[in-house]
Amino acid sequence: MADTNNSNATSEINRLLGLLVAAGGSDLLLVSSAPACALIEGRVKMLEENLWEGSAIESVVEPALSGHALADYRANGIADSSYRVEGLGRFRINLHSQRGKPAVAIRALATKAPELSELNLPPSVKDLARLPRGLVLIGGPAGSGKSTTLAALVNEINQNEARHILTVEDPIEYEHKHARSIVEQVEIGTDAPAFPTALQAALRQAPDVIVIGEMRDPESMRIAVAAAETGHLVLSTIHTTDVATTIARVADSFPAERQNAVRQELALALTAVLTQVLLPSKKGGRFPAAELLMIGYGARQHIRRNALHHLHQEITLSKNRGSFSLEDSLVNLIKAGHIEREDALVCATHPDDLEILLKEDIRKEAKVRGTW
C-alpha cells in the first residue's frame, strides 16, 4: 500500500491530504488497523475503506517531517512538524505511537490569520489585543480553538498597532504578514533548538509582544512570567478547562518548594485568563463558549493565597472591566439560538448558575412582554 521510496511516500501522504481538503476536514487521522479518517466539524468520517498498518503509516509520514522532527521521532517516538503542499496549503503533523504502533494526526492550517470577528467570541475578547503589557493565558481542551484565538489576537495587534511582535512556535501554525507591526516568527527545530533557548534570545531582540505557541515546560513558563513582569505583553496557550485550573496548572508545573514563589510572581504578571470550548451548533458546525477573567486587585490576592476557588466570584465582580463567566457565554449562545440548552448544561462548570441565569432571562423577557 505504501512504498518506502521517499517520492512515492510523499505522493501518498499528499494524496490523502487532498482527500482531507476536498472533504472539508480539519484533521487527517491514520491509526493502525483502521481506515484513513478525517475530522469534520469535530466528528470522525472515513475517507477510504482500506486499513492502514503502523509500518505503512510511518513510511509515508517520515519523508514529510523536518530533519529536527524526524530526529525527535527516532529518539523519543513522537514528533511535531509543519508541512507544505503546493496547491493544498500548510499542515501540522503529529507522528506518535499508540499500542506500540505508529499513528499520525495531521491538522490542516489556515492560509491566512483569522479575524477575531470571525470567531464568534464575546466582544470583550478583542480588548486583550489592546493590553500594553502582562501575561495573557488562553486555556481550553485539545481542539477547542486556542491556537486560532491566539493567532486572531496577534492579527488584531498586527493590523492596528505599530509594535514588534515575536512568536515562538512548534511548529508555526499561522503565517502573519507584516502590517502596522513587524512580526518575527521563530519555529522550534528550524530557527531555534528549544523553547527556553528561543525565549531567552527573544528578550534580547526588543519585542513589545511575545507569543508562545504553548506553555510546555517550567523553564518556558518562568521566562514568560519574567518577561511579562518586565513590561512585555506575553500571549500563550495552555491545556486547561477553566480560569482556576489554568492558573493552578502553571504553579503546579514547578517543584513543590517553588510553587508559592511562582504564585507570587503570577499574581504580579497575569493580566487576563481566557478559556474556551467548542459546542455543536444547532445549524451545523461549532460555536465557542468562553470565560474571561481580567485580573484585578482581588484576583491577585486570591492567587497569592492559592484561594483559586474564589476566582469565579471575581469574574462577577469584574464584569465592568470585561470579565464574563462561561455560564454568561452559554446563556447568550442559547438566546441567540446557536446551541441546545442540554449541551450548555453538560458544558457548564457551574450548572446551577446557568439554571439561575436562564430563569432570570425568562423573567426579564416576561416583564418586557408584560406577562410577569
# chains A, B, ... in the order shown; residues from 1 in each chain; ligands from 1

$ residues_around --residues "Tyr73 (chain A)" --least-positions-apart "6" --cutoff "8 Å" --atoms "only C-alpha atoms" --output "list of chain:residue names"
A:Ala79, A:Leu95, A:His96

$ write_last_selection --atoms "C-alpha atoms" --output "compact mmCIF listing (two decimals), in the first residue's frame"
# COMPACT_ATOMS: atom_id res chain seq x y z
CA ALA A 79 7.34 14.47 16.69
CA LEU A 95 3.55 11.49 14.47
CA HIS A 96 3.35 9.34 17.59

$ select_by_dssp --residues "region 12-230 of chain A" --states "strand (DSSP E or B)" --output "ChimeraX atom specification"
/A:27-30,34-40,43-52,79-85,89-98,101-109,134-140,164-169,182-188,192,209-212

$ residues_around --residues "Ile315 (chain A)" --least-positions-apart "4" --cutoff "6 Å" --atoms "only C-alpha atoms" --output "number ranges by chain"
A: 293, 323-324

$ residues_around --residues "Glu86 (chain A)" --least-positions-apart "4" --cutoff "12 Å" --atoms "only C-alpha atoms" --output "JSON, numbers by chain"
{"A": [11, 14, 15, 17, 18, 90, 91, 111]}

$ residues_around --residues "Pro280 (chain A)" --least-positions-apart "5" --cutoff "9 Å" --atoms "only C-alpha atoms" --output "list in words"
Glu41, Gly42, Gly285, Arg286, Phe287, Pro288, His338, Ile339, Glu340 and Asp343 of chain A

$ write_last_selection --atoms "N, CA and C atoms" --output "short mmCIF file (atom, residue, chain, number, x, y, z; two decimals), in the first residue's frame"
data_model
loop_
_atom_site.label_atom_id
_atom_site.label_comp_id
_atom_site.auth_asym_id
_atom_site.auth_seq_id
_atom_site.Cartn_x
_atom_site.Cartn_y
_atom_site.Cartn_z
N GLU A 41 -15.95 18.97 11.42
CA GLU A 41 -16.76 19.61 12.45
C GLU A 41 -16.78 18.78 13.73
N GLY A 42 -15.60 18.24 14.07
CA GLY A 42 -15.46 17.51 15.33
C GLY A 42 -15.90 16.07 15.28
N GLY A 285 -21.79 22.79 12.31
CA GLY A 285 -20.57 23.46 12.75
C GLY A 285 -20.52 23.53 14.27
N ARG A 286 -19.64 24.40 14.78
CA ARG A 286 -19.48 24.52 16.23
C ARG A 286 -19.34 25.99 16.62
N PHE A 287 -19.75 26.29 17.85
CA PHE A 287 -19.66 27.65 18.38
C PHE A 287 -18.81 27.62 19.65
N PRO A 288 -17.98 28.66 19.86
CA PRO A 288 -17.19 28.70 21.09
C PRO A 288 -17.98 29.29 22.26
N HIS A 338 -28.00 29.46 18.91
CA HIS A 338 -26.84 28.77 18.34
C HIS A 338 -26.65 27.36 18.90
N ILE A 339 -26.95 27.14 20.18
CA ILE A 339 -26.70 25.84 20.81
C ILE A 339 -27.94 25.37 21.57
N GLU A 340 -27.98 24.07 21.86
CA GLU A 340 -29.07 23.48 22.63
C GLU A 340 -28.83 23.69 24.12
N ASP A 343 -26.87 20.77 25.74
CA ASP A 343 -25.42 20.82 25.52
C ASP A 343 -24.77 21.84 26.44
#

$ closest_residue --among "A:Leu268, A:Val243, A:Glu169, A:Leu121" --to "Asn332 (chain A)" --atoms "only C-alpha atoms"
A:Leu121

$ closest_residue --among "A:Ser66, A:Asn320, A:Asn155, A:Thr167" --to "Gly189 (chain A)" --atoms "only C-alpha atoms"
A:Ser66

$ closest_residue --among "A:Arg258, A:Arg263, A:Arg43, A:Lys335" --to "Arg305 (chain A)" --atoms "only C-alpha atoms"
A:Arg263

$ residues_around --residues "Ile172 (chain A)" --least-positions-apart "4" --cutoff "12 Å" --atoms "only C-alpha atoms" --output "ChimeraX atom specification"
/A:80-84,90-93,109-110,113,147-148,151,166-168,176,184-191,211-214

$ atom_distance --atom1 "CA of Ala129 (chain A)" --atom2 "CA of Met221 (chain A)"
20.6 Å

$ residues_around --residues "region 199-209 of chain A" --least-positions-apart "6" --cutoff "8 Å" --atoms "only C-alpha atoms" --output "PyMOL selection string"
chain A and resi 163-166+168+220+223-224+227+232-235

$ write_last_selection --atoms "C-alpha atoms" --output "short mmCIF file (atom, residue, chain, number, x, y, z; two decimals), in the first residue's frame"
data_model
loop_
_atom_site.label_atom_id
_atom_site.label_comp_id
_atom_site.auth_asym_id
_atom_site.auth_seq_id
_atom_site.Cartn_x
_atom_site.Cartn_y
_atom_site.Cartn_z
CA ARG A 163 4.55 47.04 17.61
CA HIS A 164 7.34 44.46 17.33
CA ILE A 165 5.74 41.01 17.66
CA LEU A 166 7.84 37.87 18.11
CA VAL A 168 7.85 31.17 19.19
CA SER A 220 9.39 28.44 29.35
CA ILE A 223 10.75 33.14 31.23
CA ALA A 224 7.21 34.09 30.13
CA ALA A 227 9.03 38.88 30.52
CA HIS A 232 6.25 42.87 27.65
CA LEU A 233 2.83 41.68 26.55
CA VAL A 234 3.10 37.86 26.59
CA LEU A 235 0.40 35.70 24.99
#

$ select_by_dssp --residues "region 127-316 of chain A" --states "helix (DSSP H, G or I)" --output "number ranges by chain"
A: 127-130, 146-160, 195-202, 218-229, 243-252, 256-269, 297-304, 308-316

$ write_last_selection --atoms "C-alpha atoms" --output "JSON list (two decimals), in the first residue's frame"
[["chain", "number", "residue", "atom", "x", "y", "z"],
["A", 127, "ASP", "CA", -9.73, 44.19, 24.35],
["A", 128, "LEU", "CA", -6.94, 41.69, 25.06],
["A", 129, "ALA", "CA", -5.18, 42.89, 21.90],
["A", 130, "ARG", "CA", -5.04, 46.42, 23.32],
["A", 146, "LYS", "CA", -6.98, 28.09, 21.43],
["A", 147, "SER", "CA", -4.36, 28.48, 18.70],
["A", 148, "THR", "CA", -6.89, 30.11, 16.39],
["A", 149, "THR", "CA", -7.87, 32.64, 19.05],
["A", 150, "LEU", "CA", -4.19, 33.32, 19.77],
["A", 151, "ALA", "CA", -3.50, 33.91, 16.07],
["A", 152, "ALA", "CA", -6.54, 36.20, 15.81],
["A", 153, "LEU", "CA", -5.27, 38.32, 18.71],
["A", 154, "VAL", "CA", -1.84, 38.55, 17.06],
["A", 155, "ASN", "CA", -3.53, 39.57, 13.81],
["A", 156, "GLU", "CA", -5.58, 42.20, 15.67],
["A", 157, "ILE", "CA", -2.41, 43.72, 17.13],
["A", 158, "ASN", "CA", -0.62, 43.48, 13.78],
["A", 159, "GLN", "CA", -3.41, 45.28, 11.92],
["A", 160, "ASN", "CA", -3.97, 48.06, 14.46],
["A", 195, "PHE", "CA", 11.50, 26.98, 23.61],
["A", 196, "PRO", "CA", 13.72, 28.20, 26.51],
["A", 197, "THR", "CA", 16.59, 29.00, 24.11],
["A", 198, "ALA", "CA", 14.28, 30.88, 21.75],
["A", 199, "LEU", "CA", 12.63, 32.82, 24.58],
["A", 200, "GLN", "CA", 15.94, 33.82, 26.16],
["A", 201, "ALA", "CA", 17.05, 35.10, 22.77],
["A", 202, "ALA", "CA", 13.71, 36.87, 22.26],
["A", 218, "PRO", "CA", 8.56, 25.13, 33.65],
["A", 219, "GLU", "CA", 11.53, 26.94, 32.13],
["A", 220, "SER", "CA", 9.39, 28.44, 29.35],
["A", 221, "MET", "CA", 6.76, 29.41, 31.93],
["A", 222, "ARG", "CA", 9.42, 31.06, 34.12],
["A", 223, "ILE", "CA", 10.75, 33.14, 31.23],
["A", 224, "ALA", "CA", 7.21, 34.09, 30.13],
["A", 225, "VAL", "CA", 6.30, 35.31, 33.62],
["A", 226, "ALA", "CA", 9.56, 37.23, 33.92],
["A", 227, "ALA", "CA", 9.03, 38.88, 30.52],
["A", 228, "ALA", "CA", 5.50, 39.93, 31.49],
["A", 229, "GLU", "CA", 6.80, 41.40, 34.75],
["A", 243, "VAL", "CA", -9.72, 30.03, 34.79],
["A", 244, "ALA", "CA", -8.80, 28.49, 38.15],
["A", 245, "THR", "CA", -7.25, 25.34, 36.67],
["A", 246, "THR", "CA", -5.28, 27.46, 34.18],
["A", 247, "ILE", "CA", -3.55, 29.33, 36.99],
["A", 248, "ALA", "CA", -3.13, 26.17, 39.05],
["A", 249, "ARG", "CA", -1.55, 24.35, 36.09],
["A", 250, "VAL", "CA", 1.24, 26.91, 35.81],
["A", 251, "ALA", "CA", 2.09, 26.87, 39.53],
["A", 252, "ASP", "CA", 1.78, 23.08, 39.81],
["A", 256, "ALA", "CA", 6.68, 21.99, 45.46],
["A", 257, "GLU", "CA", 9.27, 24.24, 47.10],
["A", 258, "ARG", "CA", 8.98, 26.76, 44.23],
["A", 259, "GLN", "CA", 5.19, 26.85, 43.88],
["A", 260, "ASN", "CA", 4.47, 29.55, 46.44],
["A", 261, "ALA", "CA", 7.07, 31.88, 44.89],
["A", 262, "VAL", "CA", 5.62, 31.18, 41.42],
["A", 263, "ARG", "CA", 2.14, 32.14, 42.66],
["A", 264, "GLN", "CA", 3.51, 35.46, 43.92],
["A", 265, "GLU", "CA", 5.11, 36.10, 40.53],
["A", 266, "LEU", "CA", 1.96, 35.07, 38.67],
["A", 267, "ALA", "CA", -0.13, 37.42, 40.80],
["A", 268, "LEU", "CA", 2.02, 40.29, 39.55],
["A", 269, "ALA", "CA", 2.42, 39.18, 35.93],
["A", 297, "TYR", "CA", -6.59, 43.50, 42.91],
["A", 298, "GLY", "CA", -8.96, 40.87, 44.32],
["A", 299, "ALA", "CA", -7.88, 38.15, 41.89],
["A", 300, "ARG", "CA", -4.21, 38.89, 42.63],
["A", 301, "GLN", "CA", -4.81, 38.39, 46.35],
["A", 302, "HIS", "CA", -6.57, 35.06, 45.74],
["A", 303, "ILE", "CA", -3.71, 33.87, 43.52],
["A", 304, "ARG", "CA", -1.13, 34.82, 46.16],
["A", 308, "LEU", "CA", -8.33, 29.90, 43.44],
["A", 309, "HIS", "CA", -11.90, 28.75, 44.15],
["A", 310, "HIS", "CA", -12.72, 32.44, 44.78],
["A", 311, "LEU", "CA", -11.81, 33.43, 41.20],
["A", 312, "HIS", "CA", -15.26, 32.52, 39.88],
["A", 313, "GLN", "CA", -16.68, 35.23, 42.15],
["A", 314, "GLU", "CA", -14.04, 37.67, 40.87],
["A", 315, "ILE", "CA", -15.41, 37.20, 37.35],
["A", 316, "THR", "CA", -18.77, 38.52, 38.56]]
